[in-house]
file final_6.cif (mmCIF, C-alpha atoms and all ligand atoms)
data_target
#
loop_
_atom_site.label_atom_id
_atom_site.label_comp_id
_atom_site.auth_asym_id
_atom_site.auth_seq_id
_atom_site.Cartn_x
_atom_site.Cartn_y
_atom_site.Cartn_z
CA MET A 184 -40.70 -2.87 85.63
CA ASP A 185 -37.02 -2.87 86.52
CA HIS A 186 -33.95 -0.71 86.07
CA PHE A 187 -31.84 -3.05 83.92
CA ILE A 188 -32.08 -1.51 80.48
CA TYR A 189 -29.96 -1.04 77.39
CA ARG A 190 -28.60 2.42 76.90
CA ASP A 191 -26.30 3.19 73.99
CA GLY A 192 -26.32 -0.53 73.20
CA ARG A 193 -24.98 -1.53 76.63
CA LEU A 194 -26.95 -3.12 79.48
CA HIS A 195 -27.06 -0.84 82.50
CA ALA A 196 -27.97 -1.42 86.10
CA GLU A 197 -29.61 1.94 86.79
CA ASN A 198 -26.91 4.34 85.53
CA VAL A 199 -23.99 1.93 85.75
CA PRO A 200 -22.86 -0.10 82.73
CA VAL A 201 -22.96 -3.78 83.74
CA ALA A 202 -19.66 -4.35 81.91
CA GLU A 203 -18.01 -1.80 84.18
CA ILE A 204 -19.07 -3.79 87.26
CA ALA A 205 -17.86 -7.00 85.61
CA ALA A 206 -14.45 -5.43 84.99
CA ALA A 207 -14.20 -4.38 88.64
CA VAL A 208 -15.64 -7.48 90.33
CA GLY A 209 -15.04 -10.35 87.91
CA THR A 210 -17.75 -12.82 86.88
CA PRO A 211 -20.09 -14.36 87.88
CA PHE A 212 -21.84 -11.93 90.21
CA TYR A 213 -25.31 -10.78 91.19
CA VAL A 214 -26.23 -7.13 90.90
CA TYR A 215 -29.31 -5.53 92.47
CA SER A 216 -30.99 -2.22 91.74
CA THR A 217 -31.95 -0.06 94.71
CA ALA A 218 -34.56 1.84 92.68
CA THR A 219 -36.29 -1.40 91.66
CA LEU A 220 -36.30 -2.74 95.23
CA LEU A 221 -37.83 0.46 96.56
CA ARG A 222 -40.32 0.71 93.74
CA HIS A 223 -41.64 -2.79 94.40
CA PHE A 224 -41.83 -2.27 98.15
CA THR A 225 -43.75 0.97 97.60
CA LEU A 226 -46.19 -0.71 95.21
CA PHE A 227 -47.21 -3.12 97.98
CA ASP A 228 -47.22 -0.44 100.65
CA ASP A 229 -49.49 1.77 98.49
CA ALA A 230 -51.75 -1.18 97.58
CA LEU A 231 -52.66 -1.51 101.27
CA ASP A 232 -52.88 2.14 102.17
CA TRP A 233 -56.66 1.86 102.66
CA GLY A 234 -56.00 0.60 106.19
CA PRO A 235 -53.42 -0.19 108.86
CA HIS A 236 -50.83 -2.57 107.44
CA LEU A 237 -47.22 -3.69 107.43
CA VAL A 238 -45.34 -5.12 104.46
CA CYS A 239 -42.97 -7.71 105.93
CA TYR A 240 -40.38 -8.56 103.29
CA ALA A 241 -39.82 -12.34 103.13
CA MET A 242 -36.07 -12.10 103.47
CA LYS A 243 -35.52 -15.72 102.48
CA ALA A 244 -35.72 -14.40 98.89
CA ALA A 245 -32.52 -12.33 99.26
CA SER A 246 -31.08 -11.57 102.65
CA ASN A 247 -27.95 -9.53 102.11
CA GLN A 248 -27.59 -6.90 104.84
CA ALA A 249 -27.52 -4.08 102.30
CA ILE A 250 -30.81 -5.22 100.76
CA LEU A 251 -32.41 -5.52 104.19
CA LYS A 252 -31.18 -2.08 105.23
CA THR A 253 -32.47 -0.53 102.00
CA LEU A 254 -35.95 -1.95 102.61
CA ALA A 255 -35.93 -1.40 106.37
CA GLN A 256 -35.09 2.27 105.88
CA ALA A 257 -38.13 2.51 103.59
CA GLY A 258 -40.30 1.19 106.43
CA ALA A 259 -40.48 -2.53 105.65
CA GLY A 260 -40.95 -5.16 108.30
CA MET A 261 -39.33 -8.58 107.87
CA ASP A 262 -40.65 -12.11 107.69
CA VAL A 263 -37.97 -14.43 109.09
CA VAL A 264 -37.87 -18.22 109.16
CA SER A 265 -34.80 -19.02 111.26
CA GLY A 266 -32.67 -17.72 114.09
CA GLY A 267 -30.12 -16.73 111.48
CA GLU A 268 -32.62 -14.62 109.57
CA TYR A 269 -33.80 -13.07 112.83
CA ALA A 270 -30.20 -12.11 113.64
CA ARG A 271 -29.72 -10.72 110.13
CA ALA A 272 -32.87 -8.60 110.39
CA ARG A 273 -31.79 -7.20 113.75
CA ALA A 274 -28.27 -6.55 112.45
CA ALA A 275 -29.80 -4.56 109.58
CA GLY A 276 -31.50 -2.34 112.13
CA VAL A 277 -35.02 -3.79 111.97
CA PRO A 278 -36.71 -3.43 115.37
CA GLY A 279 -38.29 -6.54 116.89
CA GLU A 280 -41.77 -5.05 116.60
CA ARG A 281 -41.43 -5.16 112.82
CA ILE A 282 -40.29 -8.81 112.63
CA VAL A 283 -42.67 -11.76 112.18
CA PHE A 284 -41.35 -15.28 112.68
CA SER A 285 -42.66 -17.97 110.29
CA GLY A 286 -41.52 -21.55 109.62
CA VAL A 287 -42.57 -25.05 110.65
CA GLY A 288 -39.63 -25.95 112.86
CA LYS A 289 -38.76 -23.10 115.20
CA THR A 290 -36.46 -24.46 117.91
CA HIS A 291 -36.60 -23.54 121.60
CA GLU A 292 -33.36 -21.53 121.15
CA GLU A 293 -34.78 -19.60 118.20
CA ILE A 294 -38.00 -18.84 120.09
CA ARG A 295 -36.02 -17.71 123.12
CA ALA A 296 -33.75 -15.44 121.10
CA ALA A 297 -36.73 -13.79 119.41
CA LEU A 298 -38.59 -13.29 122.69
CA ILE A 299 -35.53 -11.71 124.29
CA GLY A 300 -34.68 -9.58 121.26
CA GLY A 301 -38.28 -8.55 120.57
CA ILE A 302 -40.80 -9.95 118.12
CA ARG A 303 -43.98 -8.69 116.50
CA GLN A 304 -45.52 -12.16 116.41
CA PHE A 305 -44.82 -15.83 115.88
CA ASN A 306 -46.79 -17.46 113.09
CA VAL A 307 -47.47 -20.82 114.74
CA GLU A 308 -47.48 -23.86 112.47
CA SER A 309 -48.52 -26.73 114.78
CA GLU A 310 -49.86 -27.59 118.21
CA PRO A 311 -46.51 -28.84 119.58
CA GLU A 312 -44.85 -25.63 118.42
CA MET A 313 -47.59 -23.59 120.08
CA ARG A 314 -46.96 -25.38 123.39
CA ALA A 315 -43.21 -24.88 123.02
CA ILE A 316 -43.61 -21.12 122.49
CA SER A 317 -45.86 -20.89 125.54
CA GLU A 318 -43.34 -22.82 127.67
CA VAL A 319 -40.37 -20.72 126.58
CA ALA A 320 -42.31 -17.48 127.10
CA THR A 321 -43.52 -18.56 130.54
CA ALA A 322 -39.96 -19.46 131.57
CA LEU A 323 -38.85 -15.96 130.52
CA GLY A 324 -41.82 -14.36 132.29
CA VAL A 325 -43.21 -12.85 129.08
CA VAL A 326 -46.23 -13.39 126.86
CA ALA A 327 -45.66 -14.29 123.20
CA PRO A 328 -47.94 -12.69 120.59
CA ILE A 329 -49.06 -15.31 118.07
CA THR A 330 -51.11 -15.93 115.00
CA ILE A 331 -51.85 -19.49 113.93
CA ARG A 332 -51.12 -20.43 110.34
CA VAL A 333 -54.09 -22.18 108.86
CA ASN A 334 -53.87 -24.46 105.87
CA PRO A 335 -56.93 -23.60 103.76
CA ASP A 336 -56.57 -26.56 101.36
CA VAL A 337 -56.46 -24.35 98.29
CA ASP A 338 -54.66 -25.19 95.06
CA ALA A 339 -52.24 -22.31 94.43
CA LYS A 340 -51.76 -23.44 90.80
CA THR A 341 -48.00 -23.12 90.96
CA HIS A 342 -45.01 -25.52 90.82
CA ALA A 343 -45.60 -28.44 93.24
CA LYS A 344 -42.33 -27.74 95.08
CA ILE A 345 -43.48 -24.26 96.07
CA ALA A 346 -47.20 -24.86 96.74
CA THR A 347 -47.89 -24.78 100.47
CA GLY A 348 -51.64 -24.44 100.96
CA LYS A 349 -52.90 -27.95 100.18
CA SER A 350 -53.87 -30.29 102.99
CA GLU A 351 -51.06 -32.71 102.10
CA ASN A 352 -48.40 -29.99 102.61
CA LYS A 353 -46.48 -29.76 105.88
CA PHE A 354 -47.58 -26.18 106.57
CA GLY A 355 -50.07 -24.80 109.07
CA ILE A 356 -52.95 -26.53 110.82
CA PRO A 357 -55.97 -27.75 108.85
CA ILE A 358 -58.50 -24.93 108.79
CA ALA A 359 -61.23 -27.36 109.94
CA LYS A 360 -59.32 -27.88 113.20
CA ALA A 361 -58.66 -24.19 113.75
CA ARG A 362 -61.34 -23.47 116.35
CA ALA A 363 -60.13 -26.27 118.61
CA VAL A 364 -56.50 -25.18 118.28
CA TYR A 365 -57.37 -21.54 119.00
CA ALA A 366 -59.27 -22.69 122.09
CA GLU A 367 -56.17 -24.49 123.33
CA ALA A 368 -53.96 -21.49 122.50
CA ALA A 369 -56.20 -19.15 124.49
CA ALA A 370 -55.80 -21.40 127.51
CA LEU A 371 -51.98 -21.36 127.40
CA SER A 372 -50.62 -18.72 129.78
CA GLY A 373 -47.52 -17.87 127.73
CA LEU A 374 -49.46 -16.89 124.61
CA LYS A 375 -51.53 -13.96 123.45
CA VAL A 376 -53.57 -14.84 120.38
CA ILE A 377 -53.78 -11.82 118.08
CA GLY A 378 -54.64 -13.09 114.66
CA ILE A 379 -54.59 -15.56 111.80
CA ASP A 380 -51.84 -16.36 109.30
CA VAL A 381 -52.07 -17.98 105.87
CA HIS A 382 -49.59 -18.51 103.01
CA ILE A 383 -50.54 -20.76 100.12
CA GLY A 384 -47.48 -20.79 97.90
CA SER A 385 -45.05 -18.88 95.76
CA GLN A 386 -45.00 -17.59 92.15
CA LEU A 387 -48.80 -17.38 91.95
CA THR A 388 -49.86 -15.93 88.63
CA GLN A 389 -53.60 -15.67 89.32
CA LEU A 390 -55.60 -13.98 92.04
CA GLU A 391 -58.24 -16.68 92.32
CA PRO A 392 -56.37 -18.97 94.76
CA PHE A 393 -55.67 -15.95 97.00
CA ARG A 394 -59.38 -15.09 96.88
CA GLN A 395 -60.38 -18.60 97.96
CA ALA A 396 -57.86 -18.61 100.81
CA TYR A 397 -58.70 -15.11 102.06
CA GLN A 398 -62.44 -15.79 101.98
CA LYS A 399 -61.84 -18.79 104.23
CA VAL A 400 -59.74 -16.62 106.54
CA ALA A 401 -62.56 -14.05 106.68
CA GLU A 402 -65.10 -16.71 107.68
CA LEU A 403 -62.72 -18.08 110.27
CA THR A 404 -62.15 -14.60 111.71
CA GLU A 405 -65.87 -14.26 112.34
CA GLN A 406 -66.15 -17.72 113.88
CA LEU A 407 -63.17 -17.13 116.16
CA ARG A 408 -64.54 -13.75 117.25
CA ALA A 409 -67.83 -15.45 118.06
CA ASP A 410 -65.82 -17.92 120.15
CA GLY A 411 -64.44 -14.97 122.12
CA HIS A 412 -61.00 -14.51 120.53
CA GLN A 413 -59.69 -11.04 119.77
CA ILE A 414 -58.60 -11.30 116.15
CA THR A 415 -56.99 -7.98 115.30
CA ARG A 416 -54.33 -8.90 112.76
CA LEU A 417 -54.33 -10.97 109.56
CA ASP A 418 -51.04 -12.09 108.05
CA LEU A 419 -51.89 -13.02 104.47
CA GLY A 420 -48.48 -14.39 103.45
CA GLY A 421 -46.57 -13.75 100.25
CA GLY A 422 -46.57 -15.44 96.90
CA LEU A 423 -47.49 -12.95 94.20
CA GLY A 424 -45.61 -14.03 91.07
CA ILE A 425 -43.41 -12.14 88.63
CA PRO A 426 -43.13 -12.38 84.83
CA TYR A 427 -40.12 -14.57 84.00
CA THR A 428 -40.69 -14.49 80.25
CA ARG A 429 -41.77 -11.63 78.06
CA SER A 430 -44.44 -13.80 76.42
CA ASN A 431 -45.87 -14.84 79.79
CA GLU A 432 -49.28 -13.59 80.67
CA ALA A 433 -48.41 -10.87 83.16
CA PRO A 434 -49.19 -11.83 86.76
CA PRO A 435 -51.60 -9.56 88.66
CA LEU A 436 -50.30 -6.21 89.87
CA PRO A 437 -49.77 -5.47 93.56
CA SER A 438 -52.58 -2.89 93.29
CA ASP A 439 -55.04 -5.59 92.11
CA TYR A 440 -53.83 -7.81 94.91
CA GLY A 441 -54.37 -5.00 97.43
CA ASP A 442 -57.91 -4.51 96.09
CA LEU A 443 -58.58 -8.24 96.45
CA ILE A 444 -57.42 -8.12 100.06
CA ARG A 445 -59.70 -5.19 100.75
CA GLU A 446 -62.64 -7.00 99.11
CA THR A 447 -62.16 -10.27 100.98
CA VAL A 448 -61.05 -9.18 104.47
CA GLY A 449 -61.20 -5.37 104.48
CA HIS A 450 -64.54 -5.29 106.31
CA LEU A 451 -63.09 -7.05 109.35
CA GLY A 452 -61.17 -4.01 110.57
CA CYS A 453 -57.97 -6.00 111.10
CA GLU A 454 -54.43 -4.78 110.66
CA ILE A 455 -53.11 -6.44 107.48
CA GLU A 456 -49.67 -7.94 107.06
CA ILE A 457 -48.27 -9.41 103.87
CA GLU A 458 -44.98 -11.24 103.32
CA PRO A 459 -43.87 -10.72 99.72
CA GLY A 460 -40.36 -11.84 98.78
CA ARG A 461 -40.08 -12.64 95.08
CA LEU A 462 -41.99 -9.65 93.75
CA ILE A 463 -39.86 -7.23 95.73
CA VAL A 464 -36.44 -8.56 94.78
CA GLY A 465 -36.91 -10.94 91.81
CA ASN A 466 -36.71 -8.41 89.02
CA ALA A 467 -34.45 -6.18 91.11
CA GLY A 468 -31.52 -8.54 90.51
CA ILE A 469 -29.62 -10.09 87.62
CA LEU A 470 -26.85 -12.67 87.52
CA VAL A 471 -24.00 -11.71 85.21
CA SER A 472 -21.81 -14.40 83.71
CA GLN A 473 -19.16 -14.75 81.02
CA VAL A 474 -19.07 -17.25 78.18
CA ILE A 475 -16.02 -19.50 78.66
CA TYR A 476 -16.44 -21.61 75.52
CA VAL A 477 -18.76 -22.01 72.58
CA LYS A 478 -18.77 -25.76 72.00
CA GLN A 479 -20.11 -27.49 68.95
CA GLY A 480 -21.78 -30.71 70.04
CA GLU A 481 -23.55 -33.55 68.28
CA GLY A 482 -26.63 -31.90 66.78
CA ARG A 483 -26.55 -29.06 69.32
CA ASP A 484 -24.26 -26.26 70.34
CA PHE A 485 -23.42 -25.27 73.88
CA LEU A 486 -22.63 -21.99 75.53
CA ILE A 487 -20.47 -22.93 78.52
CA LEU A 488 -20.66 -20.17 81.13
CA ASP A 489 -18.65 -19.36 84.22
CA ALA A 490 -21.89 -19.39 86.27
CA ALA A 491 -23.31 -22.74 87.25
CA MET A 492 -26.12 -24.45 89.13
CA ASN A 493 -24.34 -23.69 92.42
CA ASP A 494 -24.78 -19.97 91.70
CA LEU A 495 -28.39 -20.14 90.45
CA ILE A 496 -30.17 -23.40 91.27
CA ARG A 497 -33.67 -22.47 90.08
CA PRO A 498 -33.47 -23.95 86.55
CA ALA A 499 -32.08 -27.26 87.87
CA MET A 500 -34.45 -27.40 90.83
CA TYR A 501 -37.75 -26.11 89.46
CA ASP A 502 -37.17 -26.17 85.69
CA ALA A 503 -37.37 -22.41 86.05
CA HIS A 504 -37.04 -20.19 83.00
CA HIS A 505 -34.82 -17.11 83.22
CA GLU A 506 -34.35 -14.78 80.31
CA ILE A 507 -30.67 -14.72 79.32
CA VAL A 508 -29.62 -11.59 77.48
CA PRO A 509 -26.29 -10.31 76.14
CA VAL A 510 -24.77 -7.35 77.96
CA VAL A 511 -23.96 -5.80 74.58
CA GLU A 512 -27.28 -5.23 72.84
CA PRO A 513 -27.58 -7.28 69.64
CA ASP A 514 -28.41 -5.47 66.41
CA ALA A 515 -32.11 -5.51 65.60
CA GLY A 516 -33.06 -8.30 63.21
CA VAL A 517 -29.87 -10.30 63.78
CA ASP A 518 -30.18 -14.08 63.15
CA LEU A 519 -30.79 -16.13 66.29
CA ALA A 520 -29.52 -19.69 66.75
CA PRO A 521 -30.40 -22.32 69.39
CA PHE A 522 -27.92 -23.11 72.18
CA ASP A 523 -27.95 -25.22 75.30
CA ILE A 524 -26.70 -22.83 77.97
CA VAL A 525 -24.79 -24.69 80.66
CA GLY A 526 -22.38 -24.24 83.55
CA PRO A 527 -19.07 -25.98 84.26
CA VAL A 528 -20.35 -28.24 87.09
CA CYS A 529 -20.01 -31.99 86.51
CA GLU A 530 -23.73 -32.75 86.31
CA THR A 531 -26.08 -32.85 83.36
CA GLY A 532 -28.55 -30.96 85.52
CA ASP A 533 -26.20 -27.99 85.38
CA THR A 534 -28.21 -26.66 82.45
CA PHE A 535 -29.77 -23.21 82.48
CA ALA A 536 -31.64 -23.49 79.19
CA LYS A 537 -32.06 -25.92 76.31
CA GLY A 538 -32.29 -24.84 72.70
CA ARG A 539 -32.45 -21.19 73.74
CA LEU A 540 -32.44 -18.84 70.75
CA MET A 541 -29.50 -16.48 71.10
CA PRO A 542 -27.85 -13.85 68.93
CA PRO A 543 -24.30 -14.59 67.73
CA THR A 544 -22.26 -15.17 70.90
CA ALA A 545 -18.52 -15.56 71.34
CA GLU A 546 -16.06 -16.54 74.06
CA GLY A 547 -15.64 -13.75 76.56
CA ASP A 548 -19.10 -12.27 75.98
CA LEU A 549 -21.07 -11.24 79.05
CA LEU A 550 -24.61 -12.57 79.53
CA ALA A 551 -27.19 -11.53 82.12
CA PHE A 552 -29.88 -13.73 83.68
CA ARG A 553 -32.91 -11.60 84.32
CA GLY A 554 -35.28 -12.07 87.24
CA ALA A 555 -32.51 -13.64 89.31
CA GLY A 556 -32.76 -11.45 92.40
CA ALA A 557 -35.10 -13.72 94.36
CA TYR A 558 -33.96 -17.17 95.48
CA GLY A 559 -30.71 -16.66 93.57
CA ALA A 560 -27.73 -15.73 95.74
CA VAL A 561 -29.44 -17.07 98.88
CA MET A 562 -29.69 -20.55 97.39
CA SER A 563 -26.12 -20.56 96.07
CA SER A 564 -23.47 -22.93 97.38
CA GLU A 565 -19.79 -23.72 96.96
CA TYR A 566 -20.40 -27.04 95.21
CA ASN A 567 -17.35 -28.04 93.16
CA THR A 568 -15.43 -25.59 95.40
CA ARG A 569 -16.65 -22.73 93.31
CA PRO A 570 -16.43 -19.62 95.51
CA LEU A 571 -19.74 -18.25 96.73
CA VAL A 572 -20.99 -15.82 94.09
CA PRO A 573 -20.49 -12.15 95.02
CA GLU A 574 -23.26 -9.57 95.26
CA VAL A 575 -23.24 -5.94 94.16
CA LEU A 576 -25.76 -3.17 94.87
CA VAL A 577 -26.32 -0.24 92.51
CA LYS A 578 -27.86 3.09 93.42
CA GLY A 579 -28.03 5.67 90.66
CA ASP A 580 -24.52 5.92 89.29
CA GLN A 581 -22.80 4.27 92.23
CA PHE A 582 -22.17 0.60 92.89
CA ALA A 583 -20.75 -1.29 95.85
CA VAL A 584 -19.77 -4.90 96.49
CA ILE A 585 -22.12 -6.06 99.25
CA ARG A 586 -20.71 -9.58 99.51
CA ALA A 587 -17.20 -10.25 98.27
CA ARG A 588 -16.10 -13.39 96.49
CA PRO A 589 -14.16 -15.51 98.98
CA THR A 590 -10.59 -16.50 98.12
CA PHE A 591 -9.62 -20.16 97.84
CA ASP A 592 -7.67 -19.79 101.09
CA GLU A 593 -10.73 -18.45 102.90
CA ILE A 594 -12.73 -21.42 101.68
CA ILE A 595 -10.07 -23.97 102.58
CA ASN A 596 -9.33 -22.45 105.97
CA ARG A 597 -12.96 -22.79 107.05
CA ASP A 598 -12.26 -26.51 107.40
CA THR A 599 -10.45 -27.68 110.51
CA ILE A 600 -8.19 -30.70 110.78
CA PRO A 601 -8.63 -33.13 113.72
CA GLN A 602 -5.54 -33.60 115.88
CA TRP A 603 -4.96 -37.21 114.68
CA LEU A 604 -4.23 -36.10 111.11
N1 LIG B 701 -44.15 -16.29 103.54
C1 LIG B 701 -43.91 -17.60 103.73
C2 LIG B 701 -44.42 -18.25 104.94
C3 LIG B 701 -43.20 -18.33 102.76
O1 LIG B 701 -42.97 -19.62 102.93
C4 LIG B 701 -42.73 -17.67 101.58
C5 LIG B 701 -41.96 -18.39 100.56
C6 LIG B 701 -43.00 -16.30 101.45
C7 LIG B 701 -43.71 -15.64 102.45
C8 LIG B 701 -42.53 -15.49 100.26
O2 LIG B 701 -43.11 -15.91 99.08
P1 LIG B 701 -42.83 -15.09 97.74
O3 LIG B 701 -43.53 -13.76 97.86
O4 LIG B 701 -41.36 -14.93 97.60
O5 LIG B 701 -43.41 -15.93 96.67
N2 LIG B 701 -37.08 -21.15 96.24
C9 LIG B 701 -38.35 -21.10 95.51
C10 LIG B 701 -39.40 -20.30 96.25
C11 LIG B 701 -39.66 -20.78 97.65
C12 LIG B 701 -40.70 -19.99 98.38
C13 LIG B 701 -40.75 -20.38 99.81
N3 LIG B 701 -41.64 -19.63 100.64
C14 LIG B 701 -38.09 -20.55 94.11
O6 LIG B 701 -36.93 -20.25 93.79
O7 LIG B 701 -39.01 -20.41 93.32
#
call {"tool": "encode", "arguments": {"input": "final_6.cif", "output": "C-alpha cells"}}
result
Amino acid sequence: MDHFIYRDGRLHAENVPVAEIAAAVGTPFYVYSTATLLRHFTLFDDALDWGPHLVCYAMKAASNQAILKTLAQAGAGMDVVSGGEYARARAAGVPGERIVFSGVGKTHEEIRAALIGGIRQFNVESEPEMRAISEVATALGVVAPITIRVNPDVDAKTHAKIATGKSENKFGIPIAKARAVYAEAAALSGLKVIGIDVHIGSQLTQLEPFRQAYQKVAELTEQLRADGHQITRLDLGGGLGIPYTRSNEAPPLPSDYGDLIRETVGHLGCEIEIEPGRLIVGNAGILVSQVIYVKQGEGRDFLILDAAMNDLIRPAMYDAHHEIVPVVEPDAGVDLAPFDIVGPVCETGDTFAKGRLMPPTAEGDLLAFRGAGAYGAVMSSEYNTRPLVPEVLVKGDQFAVIRARPTFDEIINRDTIPQWL
C-alpha cells in the first residue's frame, strides 16, 4: 500500500497534488511519501516484535539525508556499504551502534573511519577482509565486532543481476568453509565474533529461498556454538520483493516473513537484524515526468518523455517493469493504445516500456512511474549532461525539495582545467 492515489481525478502524493509539485520544481523529479516510508518500516519492526531485533534500512536503495532522518527518527538502524554511506548515515544522526557495514570490498580507510566513528558490526565477506579488519582494529587499540557473511548456495529465484546467494556469486564465504573461517576469526586479536550474516538477493517474491537459507544459518549457529563461538546475533539480510505490476502475484507480506524468521531461527535466542531496502522505499517513491512529444513511428507510436535512462536505469538495466500512469486520472472505460515510452538519451536502450497500453496522451501531459523509490534516484547519473534528477519529500499537505536540480553552471564548474590548457 502507498500514499499515491487519485483524488478528484488528480494524482496526489499524500495530500499534495503531484501537478502542484511539478509546477514548483519542474520535471522530471522524484517524490517520496513520508507516511509510506514509515508504514513500511513499522511493518518490518512489528513483524519481528516477538524478540530483540533491529531493522537496518539498506540505504543503498535511497540515501537522501531526509529519507534517512525520517527512518532514523522512527528507530531504524542502517545497513551501509561504503565510507560514503557510513558518512551519510552519521550525518543523518544515526549513532554508530545502529550501523552495520556490509559489502565485499571495504577498504582500510573505510574500516578505520567506521571503527573511529562507531559501528554495530562489520559483516565480513572474505578471509582477507577479516584479517584487514583485525589489523586496523589492533592498530587503533580496539576490537571490531563482526559477523561473517555465509553464502548458502541457494537459488533466490530472482533476476540474475541481483541474486547473491549462489556459490558462483562474489558474496560471502561458502557455508561449507564457515567453521574453519570462524576458527581463524576467533584467533584474531582485533575481532570479536558475534554472529552470522546472510543475504541471498533482491526482489524475492517467494519465501521458500529465505527458508532454505535461514535453515542453513540455524544449523550453522548450532555447529558454531558447539565449536565454542558465542553466536548472539543473526543478520538475515534484505531482499523481500514488492509488486511492480498490479497483475503480479503479490509478494509475501513482512508479517509472513517475520513468522518465517521466527520459525527457522527463533528458537536460537539470537538478536535478529534484517536489512530491507526496496520494500521500505520502493513504493514510497514515484518519478514524475512530462511528455515532450508524441511521435508517430513506423508501425509504432512513441511517447518521448523528459525523463530518461540516466534518471531511472532499472528498465534498461534489468528489463524492469514500472507502472506508468497519467497524473490526470483517465476517464473510466477510455480506449487504450500501445506506445513505446522512451527518453531523450541517444541510445535505443533508453526505453522505459514497449507497446505499453496508455490512455490518450498529449504533449505536456504529466506521467508518473510507480514503484520508483528504490534504486531510482541513487542510480541516476548526469549522462548526456542531463542535470541530476531532483528529489522531493511529502508529509501530509507539505512538500520540500530534498535535493535540488543542479544548474548547468554547477555541473560545468565541477570540472577543473589543467594549467596547460
Ligand atoms: N543487504 C545487502 C547485503 C544487499 O546487498 C542488499 C541489496 C540489501 C540488503 C537490500 O536488498 P533489498 O531489500 O533492497 O532487496 N539495483 C537493483 C537492486 C540491487 C540490490 C543490491 N543489494 C535493482 O534496482 O533492482
call {"tool": "residues_around", "arguments": {"input": "final_6.cif", "residues": "Ala366 of chain A", "least_positions_apart": "6", "cutoff": "10 Å", "atoms": "only C-alpha atoms", "output": "PyMOL selection string"}}
result
chain A and resi 376+407+410-412
call {"tool": "residues_near_ligand", "arguments": {"input": "final_6.cif", "ligand": "ligand LIG 701 (chain B)", "cutoff": "8 Å", "atoms": "only C-alpha atoms and all ligand atoms", "output": "PyMOL selection string"}}
result
chain A and resi 240-244+262+264+285-286+344-345+347+381-382+384-387+420-424+457-463+496-497+501+503+557-559+562
call {"tool": "atom_distance", "arguments": {"input": "final_6.cif", "atom1": "atom CA of Pro311 of chain A", "atom2": "atom CA of Gly373 of chain A"}}
result
13.7 Å
call {"tool": "closest_residue", "arguments": {"input": "final_6.cif", "among": "A:Pro543, A:Gly554, A:Gly538, A:Gly300", "to": "Gly468 of chain A", "atoms": "only C-alpha atoms"}}
result
A:Gly554
call {"tool": "atom_distance", "arguments": {"input": "final_6.cif", "atom1": "atom CA of Ala467 of chain A", "atom2": "atom CA of Val511 of chain A"}}
result
19.6 Å
call {"tool": "atom_distance", "arguments": {"input": "final_6.cif", "atom1": "atom CA of Ile294 of chain A", "atom2": "atom CA of Leu323 of chain A"}}
result
10.9 Å
call {"tool": "closest_residue", "arguments": {"input": "final_6.cif", "among": "A:Arg588, A:His504, A:Glu268, A:Ser317", "to": "Pro426 of chain A", "atoms": "all atoms listed in the file"}}
result
A:His504
call {"tool": "residues_around", "arguments": {"input": "final_6.cif", "residues": "Ala270 of chain A", "least_positions_apart": "2", "cutoff": "12 Å", "atoms": "only C-alpha atoms", "output": "JSON, numbers by chain"}}
result
{"A": [242, 246, 248, 251, 261, 263, 264, 265, 266, 267, 268, 272, 273, 274, 275, 276, 277, 278, 279, 282, 284, 293, 296, 297, 299, 300, 301, 302]}
call {"tool": "closest_residue", "arguments": {"input": "final_6.cif", "among": "A:His505, A:Arg429, A:Arg271, A:Arg539", "to": "Gly556 of chain A", "atoms": "all atoms listed in the file"}}
result
A:His505
call {"tool": "closest_residue", "arguments": {"input": "final_6.cif", "among": "A:Ala409, A:Leu419, A:Ile600, A:Ala368", "to": "Asp380 of chain A", "atoms": "only C-alpha atoms"}}
result
A:Leu419
call {"tool": "axis_aligned_box", "arguments": {"input": "final_6.cif", "around": "segment 497-505 of chain A", "padding_each_side": "3 Å", "output": "AutoDock Vina command-line options"}}
result
--center_x -34.9 --center_y -22.3 --center_z 86.9 --size_x 11.7 --size_y 16.3 --size_z 13.8
call {"tool": "closest_residue", "arguments": {"input": "final_6.cif", "among": "A:Leu237, A:Ala359, A:Val508, A:Leu371", "to": "Glu402 of chain A", "atoms": "all atoms listed in the file"}}
result
A:Ala359
call {"tool": "closest_residue", "arguments": {"input": "final_6.cif", "among": "A:Val464, A:Ile425, A:Cys239, A:Leu470", "to": "Ala218 of chain A", "atoms": "all atoms listed in the file"}}
result
A:Val464
call {"tool": "decode", "arguments": {"input": "final_6.cif", "residues": "segment 551-559 of chain A", "atoms": "N, CA and C atoms", "output": "mmCIF file, in the first residue's frame"}}
result
data_model
loop_
_atom_site.group_PDB
_atom_site.id
_atom_site.type_symbol
_atom_site.label_atom_id
_atom_site.label_comp_id
_atom_site.auth_asym_id
_atom_site.auth_seq_id
_atom_site.Cartn_x
_atom_site.Cartn_y
_atom_site.Cartn_z
ATOM 1 N N ALA A 551 3.509 9.481 -14.233
ATOM 2 C CA ALA A 551 4.235 9.074 -13.019
ATOM 3 C C ALA A 551 4.641 7.611 -13.132
ATOM 4 N N PHE A 552 5.907 7.332 -12.825
ATOM 5 C CA PHE A 552 6.399 5.947 -12.744
ATOM 6 C C PHE A 552 6.215 5.500 -11.310
ATOM 7 N N ARG A 553 5.427 4.468 -11.125
ATOM 8 C CA ARG A 553 5.217 3.964 -9.772
ATOM 9 C C ARG A 553 6.364 3.042 -9.358
ATOM 10 N N GLY A 554 6.475 2.839 -8.061
ATOM 11 C CA GLY A 554 7.477 1.893 -7.546
ATOM 12 C C GLY A 554 8.899 2.317 -7.868
ATOM 13 N N ALA A 555 9.133 3.630 -7.957
ATOM 14 C CA ALA A 555 10.442 4.105 -8.403
ATOM 15 C C ALA A 555 11.320 4.585 -7.252
ATOM 16 N N GLY A 556 10.828 4.429 -6.012
ATOM 17 C CA GLY A 556 11.568 4.979 -4.877
ATOM 18 C C GLY A 556 12.874 4.261 -4.575
ATOM 19 N N ALA A 557 12.910 2.949 -4.854
ATOM 20 C CA ALA A 557 14.129 2.186 -4.541
ATOM 21 C C ALA A 557 14.982 2.026 -5.789
ATOM 22 N N TYR A 558 16.267 2.268 -5.657
ATOM 23 C CA TYR A 558 17.227 2.122 -6.760
ATOM 24 C C TYR A 558 16.833 3.008 -7.941
ATOM 25 N N GLY A 559 16.233 4.156 -7.635
ATOM 26 C CA GLY A 559 15.861 5.128 -8.654
ATOM 27 C C GLY A 559 16.856 6.275 -8.634
#
